[in-house]
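> Please find one structure pasted underneath; my questions will follow.
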Amino acid sequence: MKNKEPQLTAKQLQAELKTIEKDLSELNTLKIYNKFPDILSKFIKKKEVHGIGKDILSEKTKQRMENREQLILTSPKTVETRRVIAQLSKDLRMSMRKDRKIHRLRTLENLIEKTGGTKKAIKQLQEKGQWISILKDLSGTKL
């Protein structure tokens, strides 16, 4: 079984927010702005690509993601490069969809074999998105 990080209860979260509010009342606007990413990063769990774990994605999909990223980073984008990026994006979406479907089917099969029920499978397969996908500081580095 995987070890889960302890979740904050509502009371603990309220207490933490009160201490942060007290600290922020002593700062000016610029200092608050600079401290804001640190405060948010305390409460945000970092996930993989848009809530999809990298273990779910196939090697082919990961390779497509890398190719697309490299093409996006090239500075002189010609019409042909844009077409290739668009086609890669479409292929990437389709392969991610296919990988998620395969993952769901495998999970359902395994849990039905083990327990004979689907309640646990439904709980495991619920995909929850992040509120804030990527935080960056002023220099542009990911937090």
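Each chain in the structure tokens gets a letter, A, B, ..., in the order shown, and its residues are numbered from 1; ligands are numbered from 1 in order too.
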Quick one: residues within 12 Å of Lys123 of chain A, only C-alpha atoms counted, chain neighbours fewer than 3 positions away excluded, as a PyMOL selection string?
chain A and resi 104+107-108+111+117-120+126-128
> With only C-alpha atoms as the counted atoms, please give the residues lying no more than 12 Å from Lys60 of chain A, apart from itself and same-chain residues fewer than 5 positions off, as a list in words.
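Here the answer would be Lys54, Met65, Glu66, Asn67, Leu88, Asp91, Leu92, Met94, Ser95, Met96, Lys98 and Asp99 of chain A.
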> With only C-alpha atoms as the basis for distance, which of A:Arg97, A:Lys18, A:Arg68, A:His103 is at the shortest distance from Arg83 of chain A?
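The closest residue to Arg83 of chain A is A:Arg68.
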> Counting only C-alpha atoms, which residue out of A:Glu16, A:Glu109, A:Glu21, A:Asp38 sits closest to Ala121 of chain A?
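Closest to Ala121 of chain A, using only C-alpha atoms: A:Glu109.
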> So how far away is atom CA of Ile102 of chain A from atom CA of Leu125 of chain A, in Å?
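About the pair atom CA of Leu125 of chain A and atom CA of Ile102 of chain A: they are 11.8 Å apart.
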